[in-house]
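Note: the block below is work_30.txt and it holds compact mmCIF, C-alpha atoms and all ligand atoms.
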# COMPACT_ATOMS: atom_id res chain seq x y z
CA MET A 1 0.00 0.00 0.00
CA ARG A 2 1.41 3.38 -0.96
CA ARG A 3 0.18 6.16 1.24
CA TYR A 4 -0.08 9.91 1.06
CA ILE A 5 2.90 10.32 3.31
CA CYS A 6 5.35 9.97 0.48
CA ILE A 7 5.38 12.51 -2.26
CA CYS A 8 7.73 10.59 -4.44
CA PRO A 9 9.44 12.04 -7.51
CA ALA A 10 6.92 10.63 -9.98
CA LEU A 11 4.12 12.35 -8.11
CA PHE A 12 6.12 15.52 -7.84
CA LEU A 13 6.06 15.77 -11.60
CA VAL A 14 2.29 15.70 -11.69
CA SER A 15 0.88 17.39 -8.65
CA PHE A 16 3.72 18.94 -6.78
CA SER A 17 5.91 20.53 -9.38
CA PHE A 18 6.38 23.57 -7.21
CA LEU A 19 7.85 21.36 -4.55
CA LEU A 20 10.06 19.66 -7.08
CA ALA A 21 11.56 23.00 -7.97
CA ALA A 22 11.97 23.93 -4.35
CA SER A 23 13.72 20.72 -3.44
CA GLN A 24 15.83 20.52 -6.60
CA ALA A 25 14.97 16.85 -6.98
CA THR A 26 16.93 15.10 -9.71
CA ALA A 27 16.76 11.80 -11.56
CA ALA A 28 18.91 10.29 -8.83
CA ASP A 29 16.09 11.02 -6.40
CA SER A 30 13.91 8.41 -8.11
CA VAL A 31 16.34 5.60 -7.19
CA PRO A 32 15.12 4.00 -3.94
CA LEU A 33 17.38 4.52 -0.95
CA LYS A 34 18.43 1.33 0.81
CA VAL A 35 17.40 1.35 4.46
CA LEU A 36 18.51 -1.15 7.12
CA ILE A 37 16.57 -1.26 10.40
CA LEU A 38 18.50 -2.72 13.35
CA ASP A 39 16.69 -4.50 16.19
CA GLY A 40 16.77 -7.69 18.25
CA GLN A 41 17.27 -6.23 21.73
CA ASN A 42 15.55 -3.30 23.40
CA ASN A 43 13.96 -2.50 26.75
CA HIS A 44 11.04 -1.42 24.54
CA ASP A 45 8.69 -3.63 22.53
CA TRP A 46 10.80 -3.83 19.36
CA LYS A 47 8.84 -6.84 18.08
CA THR A 48 5.83 -4.53 17.78
CA THR A 49 7.57 -1.32 16.75
CA SER A 50 10.07 -2.59 14.16
CA PRO A 51 7.30 -3.80 11.80
CA ILE A 52 5.64 -0.39 12.22
CA LEU A 53 8.86 1.42 11.33
CA LYS A 54 9.38 -0.95 8.42
CA SER A 55 5.86 -0.30 7.13
CA TYR A 56 6.50 3.45 6.96
CA PHE A 57 9.49 2.93 4.69
CA GLN A 58 7.54 0.39 2.62
CA GLN A 59 4.74 2.90 2.09
CA CYS A 60 7.16 5.25 0.36
CA ASP A 61 8.68 4.61 -3.07
CA ARG A 62 11.73 6.59 -1.96
CA PHE A 63 12.96 3.64 0.13
CA ASP A 64 13.72 -0.08 0.00
CA VAL A 65 13.89 -1.46 3.53
CA GLU A 66 15.40 -4.52 5.20
CA VAL A 67 15.78 -5.51 8.86
CA ALA A 68 18.82 -6.97 10.66
CA THR A 69 17.88 -8.68 13.93
CA SER A 70 20.62 -9.40 16.47
CA PRO A 71 20.76 -12.51 18.67
CA PRO A 72 18.74 -12.18 21.90
CA GLU A 73 20.15 -10.58 25.02
CA ARG A 74 23.03 -12.45 26.70
CA HIS A 75 23.49 -14.73 23.68
CA ASP A 76 26.61 -15.03 21.57
CA MET A 77 26.77 -11.86 19.47
CA SER A 78 29.76 -12.86 17.35
CA SER A 79 27.61 -13.65 14.31
CA PHE A 80 26.00 -10.19 14.27
CA ARG A 81 27.80 -8.35 11.49
CA PRO A 82 25.40 -6.53 9.13
CA LYS A 83 26.95 -5.22 5.92
CA PHE A 84 26.29 -1.58 6.76
CA ALA A 85 28.14 -0.35 3.67
CA ASP A 86 25.47 -1.95 1.44
CA TYR A 87 22.92 0.61 2.68
CA ASP A 88 22.30 4.32 2.29
CA VAL A 89 20.94 4.70 5.81
CA VAL A 90 20.86 2.56 8.96
CA VAL A 91 17.94 3.09 11.37
CA SER A 92 18.50 1.83 14.91
CA ASN A 93 15.67 0.45 17.01
CA TYR A 94 18.31 -1.33 19.10
CA ASN A 95 19.16 -0.91 22.77
CA GLY A 96 21.07 -3.87 24.11
CA ASN A 97 24.30 -5.78 24.51
CA ALA A 98 27.53 -4.48 23.01
CA TRP A 99 28.18 -5.48 19.42
CA PRO A 100 31.33 -7.43 18.56
CA LYS A 101 34.38 -5.19 18.14
CA GLN A 102 34.56 -5.75 14.39
CA THR A 103 30.88 -4.80 14.00
CA GLN A 104 31.55 -1.61 15.93
CA LEU A 105 34.52 -0.80 13.69
CA ASP A 106 32.45 -1.55 10.57
CA PHE A 107 29.73 0.79 11.79
CA GLN A 108 32.15 3.59 12.67
CA ALA A 109 33.77 3.33 9.24
CA TYR A 110 30.39 3.23 7.50
CA VAL A 111 29.16 6.46 9.10
CA HIS A 112 32.55 8.18 9.02
CA ASN A 113 32.81 7.51 5.29
CA GLY A 114 29.44 9.14 4.58
CA GLY A 115 26.80 6.60 5.59
CA GLY A 116 23.52 7.80 7.03
CA PHE A 117 22.40 6.89 10.56
CA VAL A 118 19.07 7.42 12.31
CA ALA A 119 18.73 6.81 16.08
CA VAL A 120 15.17 6.24 17.29
CA HIS A 121 14.18 6.80 20.95
CA ALA A 122 15.93 4.17 23.13
CA ALA A 123 18.70 3.71 20.57
CA ASP A 124 20.19 6.67 22.47
CA ASN A 125 20.26 4.57 25.65
CA SER A 126 22.52 2.02 24.03
CA PHE A 127 26.29 1.67 24.21
CA PRO A 128 27.23 4.12 27.01
CA ASP A 129 30.85 2.90 26.88
CA TRP A 130 31.36 3.22 23.11
CA PRO A 131 32.76 6.75 22.62
CA GLU A 132 32.36 6.85 18.84
CA TYR A 133 28.70 5.85 19.08
CA ASN A 134 28.09 8.61 21.61
CA GLN A 135 29.72 11.09 19.22
CA MET A 136 27.25 9.95 16.57
CA ILE A 137 24.12 10.33 18.69
CA GLY A 138 25.29 13.58 20.32
CA LEU A 139 23.25 13.01 23.47
CA GLY A 140 22.19 9.87 25.31
CA GLY A 141 20.59 8.73 28.52
CA TRP A 142 20.56 6.06 31.22
CA GLU A 143 22.96 3.08 31.48
CA GLY A 144 25.29 4.98 33.82
CA ARG A 145 25.49 8.19 31.82
CA ALA A 146 26.45 11.16 34.01
CA GLN A 147 28.79 14.16 33.90
CA HIS A 148 31.61 12.07 32.44
CA SER A 149 29.36 11.53 29.38
CA GLY A 150 29.27 15.25 28.54
CA PRO A 151 27.06 18.25 29.30
CA TYR A 152 23.31 18.48 29.50
CA VAL A 153 22.10 20.37 26.42
CA TYR A 154 18.77 22.20 26.25
CA PHE A 155 17.25 25.46 25.07
CA ARG A 156 16.85 28.58 27.20
CA ASP A 157 15.61 31.93 25.92
CA GLY A 158 15.62 30.57 22.38
CA ALA A 159 19.25 29.44 22.34
CA PRO A 160 21.06 26.18 23.14
CA VAL A 161 22.73 25.85 26.54
CA ARG A 162 25.50 23.44 27.48
CA ASP A 163 25.31 22.70 31.19
CA ASP A 164 28.10 20.83 32.99
CA THR A 165 26.18 20.50 36.27
CA LYS A 166 26.76 17.12 37.91
CA GLY A 167 23.97 14.58 37.70
CA ARG A 168 22.66 11.54 35.96
CA GLY A 169 21.95 11.53 32.25
CA GLY A 170 18.46 10.61 31.08
CA SER A 171 15.02 10.76 32.64
CA HIS A 172 11.42 11.28 31.67
CA GLY A 173 8.13 12.08 33.32
CA SER A 174 4.65 10.76 32.65
CA GLN A 175 3.67 9.93 29.12
CA HIS A 176 1.47 12.58 27.56
CA GLU A 177 0.80 14.54 24.38
CA PHE A 178 3.18 17.49 24.06
CA LEU A 179 4.10 20.32 21.72
CA VAL A 180 7.20 19.95 19.58
CA THR A 181 8.70 23.33 18.64
CA THR A 182 10.86 23.94 15.58
CA ARG A 183 14.24 25.54 16.34
CA ASP A 184 15.67 25.53 12.82
CA ALA A 185 12.97 26.12 10.22
CA ASN A 186 15.54 26.27 7.41
CA HIS A 187 16.92 22.78 7.83
CA PRO A 188 15.70 20.52 4.98
CA ILE A 189 14.05 18.11 7.44
CA MET A 190 12.05 20.96 9.01
CA GLN A 191 11.08 23.07 6.00
CA GLY A 192 7.34 23.68 5.87
CA LEU A 193 6.57 22.18 9.28
CA PRO A 194 4.40 24.23 11.64
CA THR A 195 6.36 26.21 14.24
CA SER A 196 4.78 23.95 16.87
CA TRP A 197 2.83 20.72 16.55
CA LEU A 198 1.13 18.45 19.02
CA HIS A 199 2.81 15.04 19.27
CA THR A 200 0.80 11.99 20.31
CA LYS A 201 1.32 10.38 23.71
CA ASP A 202 4.98 9.63 24.27
CA GLU A 203 7.80 9.78 26.77
CA LEU A 204 9.46 13.18 26.73
CA TYR A 205 13.14 12.40 27.19
CA ASP A 206 14.90 14.97 29.36
CA ARG A 207 18.29 15.55 31.00
CA LEU A 208 20.15 13.72 28.21
CA ARG A 209 23.94 14.10 28.29
CA GLY A 210 26.63 13.53 25.71
CA PRO A 211 29.55 15.01 23.82
CA ALA A 212 27.10 17.00 21.64
CA LYS A 213 29.85 17.86 19.14
CA ASN A 214 28.89 18.98 15.63
CA MET A 215 25.26 18.75 16.77
CA GLN A 216 22.38 20.96 15.74
CA ILE A 217 19.04 20.89 17.55
CA LEU A 218 16.13 21.01 15.10
CA ALA A 219 13.22 20.83 17.57
CA THR A 220 12.60 20.94 21.31
CA ALA A 221 9.74 20.26 23.73
CA TYR A 222 9.03 21.67 27.17
CA ALA A 223 9.42 19.04 29.88
CA ASP A 224 6.70 20.31 32.19
CA PRO A 225 7.35 19.75 35.92
CA LYS A 226 3.60 19.08 36.22
CA GLN A 227 4.35 15.93 34.23
CA ARG A 228 7.48 15.30 36.37
CA GLY A 229 9.70 16.77 33.66
CA SER A 230 12.93 18.78 33.97
CA GLY A 231 11.33 22.20 33.45
CA ARG A 232 13.59 22.72 30.42
CA GLU A 233 13.11 22.98 26.68
CA GLU A 234 14.60 19.61 25.82
CA PRO A 235 16.00 18.50 22.44
CA MET A 236 13.63 16.20 20.54
CA LEU A 237 15.11 16.18 17.02
CA MET A 238 18.81 16.63 16.31
CA VAL A 239 21.30 16.27 13.50
CA ILE A 240 24.95 15.42 14.04
CA LYS A 241 27.89 15.42 11.67
CA TYR A 242 30.25 12.49 12.16
CA GLY A 243 33.15 12.45 9.71
CA SER A 244 31.52 12.60 6.28
CA GLY A 245 28.35 10.99 7.65
CA ARG A 246 25.04 12.51 8.65
CA VAL A 247 23.05 11.43 11.71
CA PHE A 248 19.41 12.17 12.49
CA HIS A 249 18.44 11.56 16.12
CA THR A 250 14.81 11.49 17.19
CA THR A 251 14.10 11.00 20.87
CA LEU A 252 10.43 10.37 20.00
CA GLY A 253 8.88 6.93 19.57
CA HIS A 254 8.44 5.15 22.91
CA ALA A 255 5.60 2.88 21.76
CA ASP A 256 3.41 2.02 18.78
CA TYR A 257 0.97 4.84 19.58
CA SER A 258 3.87 7.33 19.71
CA MET A 259 5.19 6.15 16.36
CA ARG A 260 1.78 6.45 14.70
CA CYS A 261 1.99 10.24 15.07
CA VAL A 262 2.10 11.76 11.59
CA GLY A 263 4.73 14.17 12.92
CA PHE A 264 6.93 11.25 14.02
CA ILE A 265 6.48 9.46 10.68
CA THR A 266 7.19 12.55 8.60
CA THR A 267 10.32 13.53 10.50
CA LEU A 268 11.52 9.90 10.53
CA LEU A 269 11.22 9.58 6.74
CA ARG A 270 12.57 13.04 6.01
CA GLY A 271 15.38 12.53 8.52
CA SER A 272 16.26 9.21 6.90
CA GLU A 273 16.29 10.72 3.41
CA TRP A 274 18.44 13.61 4.64
CA ALA A 275 20.86 11.28 6.47
CA ALA A 276 21.23 9.25 3.27
CA THR A 277 21.53 12.10 0.76
CA GLY A 278 21.78 15.49 2.48
CA LYS A 279 18.54 16.52 0.78
CA VAL A 280 14.82 16.15 1.42
CA THR A 281 12.34 15.64 -1.40
CA LEU A 282 9.47 14.30 0.73
CA ALA A 283 6.62 16.77 1.14
CA LEU A 284 4.42 17.23 4.18
CA PRO A 285 1.28 15.11 4.36
CA THR A 286 -2.01 17.00 4.46
CA ASP A 287 -2.87 15.57 7.88
CA PHE A 288 0.27 16.82 9.62
CA PRO A 289 -0.54 17.74 13.24
CA THR A 290 -1.18 21.32 14.27
CA ALA A 291 -0.43 23.12 17.53
CA LYS A 292 -3.96 22.32 18.70
CA LYS A 293 -4.54 18.83 17.31
CA SER A 294 -2.39 15.72 17.18
CA SER A 295 -2.69 13.39 14.20
CA SER A 296 -2.17 9.62 14.03
CA GLN A 297 -1.91 7.25 11.12
CA LYS A 298 -4.49 4.53 11.60
ZN ZN B 301 10.66 4.75 26.07
Translate this structure into structure tokens?
Amino acid sequence: MRRYICICPALFLVSFSFLLAASQATAADSVPLKVLILDGQNNHDWKTTSPILKSYFQQCDRFDVEVATSPPERHDMSSFRPKFADYDVVVSNYNGNAWPKQTQLDFQAYVHNGGGFVAVHAADNSFPDWPEYNQMIGLGGWEGRAQHSGPYVYFRDGAPVRDDTKGRGGSHGSQHEFLVTTRDANHPIMQGLPTSWLHTKDELYDRLRGPAKNMQILATAYADPKQRGSGREEPMLMVIKYGSGRVFHTTLGHADYSMRCVGFITTLLRGSEWAATGKVTLALPTDFPTAKKSSSQK
């Protein structure tokens, strides 16, 4: 089933020629991008959410998608060695045991040499002791992260703040719907999105810490103390440069109902296209959420 969410190049030519011009889509944009989703271990229900993530890429002619599933937790991981270099973008729904050293080196080389990487929600909990991975995700949480992991980073008075205060990295309050606010409207992933949009029920990650080098925050959300949040404008969507590679990090996506948000889906697909190519040709769906009303794909 091909859904509205993807305004693929063929459709651009018919109905969205103005967007084609704006995005400078080329013939190369009609070649599907190869996506690899990683899963197999997570403190979240990856067996439910990976097929949902996969379905979003399948709905869009821009992508061809495959899944690499690791051995279960506390099993021999030595056989887990996906051929990252065969893909344009790797999407992690993985939070679990350390990968074999050679798999780590393969992944570092893949991203450093220009591969795309997308970290979804608890993927930023993973691998607290792998410095290069933490460079890629910019910020992470839990699993022993604290001041040695890097500063807290959040927005105050409209600008990013790096805060070296001591304390644990990673927390969240009650799940609820919350506003996501654009902080860089000119970034290709964000172009055309409303200034603020209401995200469906999710965990609002706060107090993340990390090296946050070469990182740009695209969107934040207010972690309301009434919901047991930090009281800060916390980063929700980020991009990070790692070598020649591009990383898109979304903290959104705790559960299936969080991932069904049209805002989550749109930024996931646009972020994946951008991580793979540095450009975005995917238009906004007509049912994108507004500041007053969230929107879910059924
Ligand atoms: Zn979660």
Check your understanding: Hey, can you check how far atom CA of Gly158 of chain A sits from atom CA of Gly140 of chain A?
Key -> 21.9 Å
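Here the question is which of A:Pro188, A:Thr286, A:Tyr110, A:Arg209 gets nearest to Arg145 of chain A using only C-alpha atoms, and that residue is A:Arg209.
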Exercise for review: Could you pull out the residues sitting within 9 Å of ligand ZN 301 (chain B), using all atoms listed in the file, and write them as a PyMOL selection string?
Suggested key: chain A and resi 43-44+121-122+172+202-205+251-255
Exercise for review: Choose the residue, out of A:Ala119, A:Met259, A:Leu218, A:Leu198, that has the smallest atom-to-atom separation from Lys293 of chain A; count all atoms listed in the file.
Suggested key: A:Leu198
Once you add 5 Å to each side, what are the centre and edge lengths of the axis-aligned box holding all listed atoms of segment 238-257 of chain A? One decimal in Å, as AutoDock Vina command-line options, if you can.
--center_x 17.1 --center_y 9.3 --center_z 14.6 --size_x 42.2 --size_y 24.6 --size_z 26.6
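In this model, the gap between atom CA of Glu143 of chain A and atom CA of Gln41 of chain A comes to 14.6 Å.
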Practice item. Enter the distance from atom CA of Gly138 of chain A to atom CA of Val239 of chain A, in Å, rounded to one decimal. Key: 8.3 Å
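Among the candidates A:Phe117, A:Phe107, A:Phe127, A:Trp46, the one nearest to Asp88 of chain A when counting only C-alpha atoms is A:Phe117.
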Review point. Leu105 of chain A: which residues within 12 Å, counting only C-alpha atoms, same-chain residues fewer than 3 positions away excluded, as a PyMOL selection string?
Key: chain A and resi 81-85+99-102+108-113+130-133
Point to revise | Which of A:Ala159, A:Val89, A:Ile137, A:Ala291 sits closest to Arg270 of chain A [using all atoms listed in the file] | key: A:Val89
Point to revise | Given all atoms listed in the file as the counted atoms, nearest of A:Gly229, A:Gly245, A:Gly271, A:Pro72 to Ser174 of chain A | key: A:Gly229
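Closest to Pro211 of chain A among A:Gly278, A:Pro128, A:Pro285, A:Gly173 is A:Pro128, based on all atoms listed in the file.
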Practice item. Could you give me, as an NGL selection string, the residues that have an atom at most 7 Å away from the point (8.7, 22.6, 31.2) in the coordinates of the file, using all atoms listed in the file? Key: :A and (222-225 or 229-233)
**Study point:** Contact residues around Val280 of chain A with all atoms listed in the file at 10 Å, ignoring same-chain residues under 4 positions, as a PyMOL selection string
**Key:** chain A and resi 23-25+29+187-191+269-276
Point to revise | Residue neighbourhood segment 146-155 of chain A, 9 Å, all atoms listed in the file, exclusion window fewer than 6 positions, as an MDAnalysis selection string | key: chainID A and resid 128 131 134 139:140 161:170 206:212 217 220 232:235
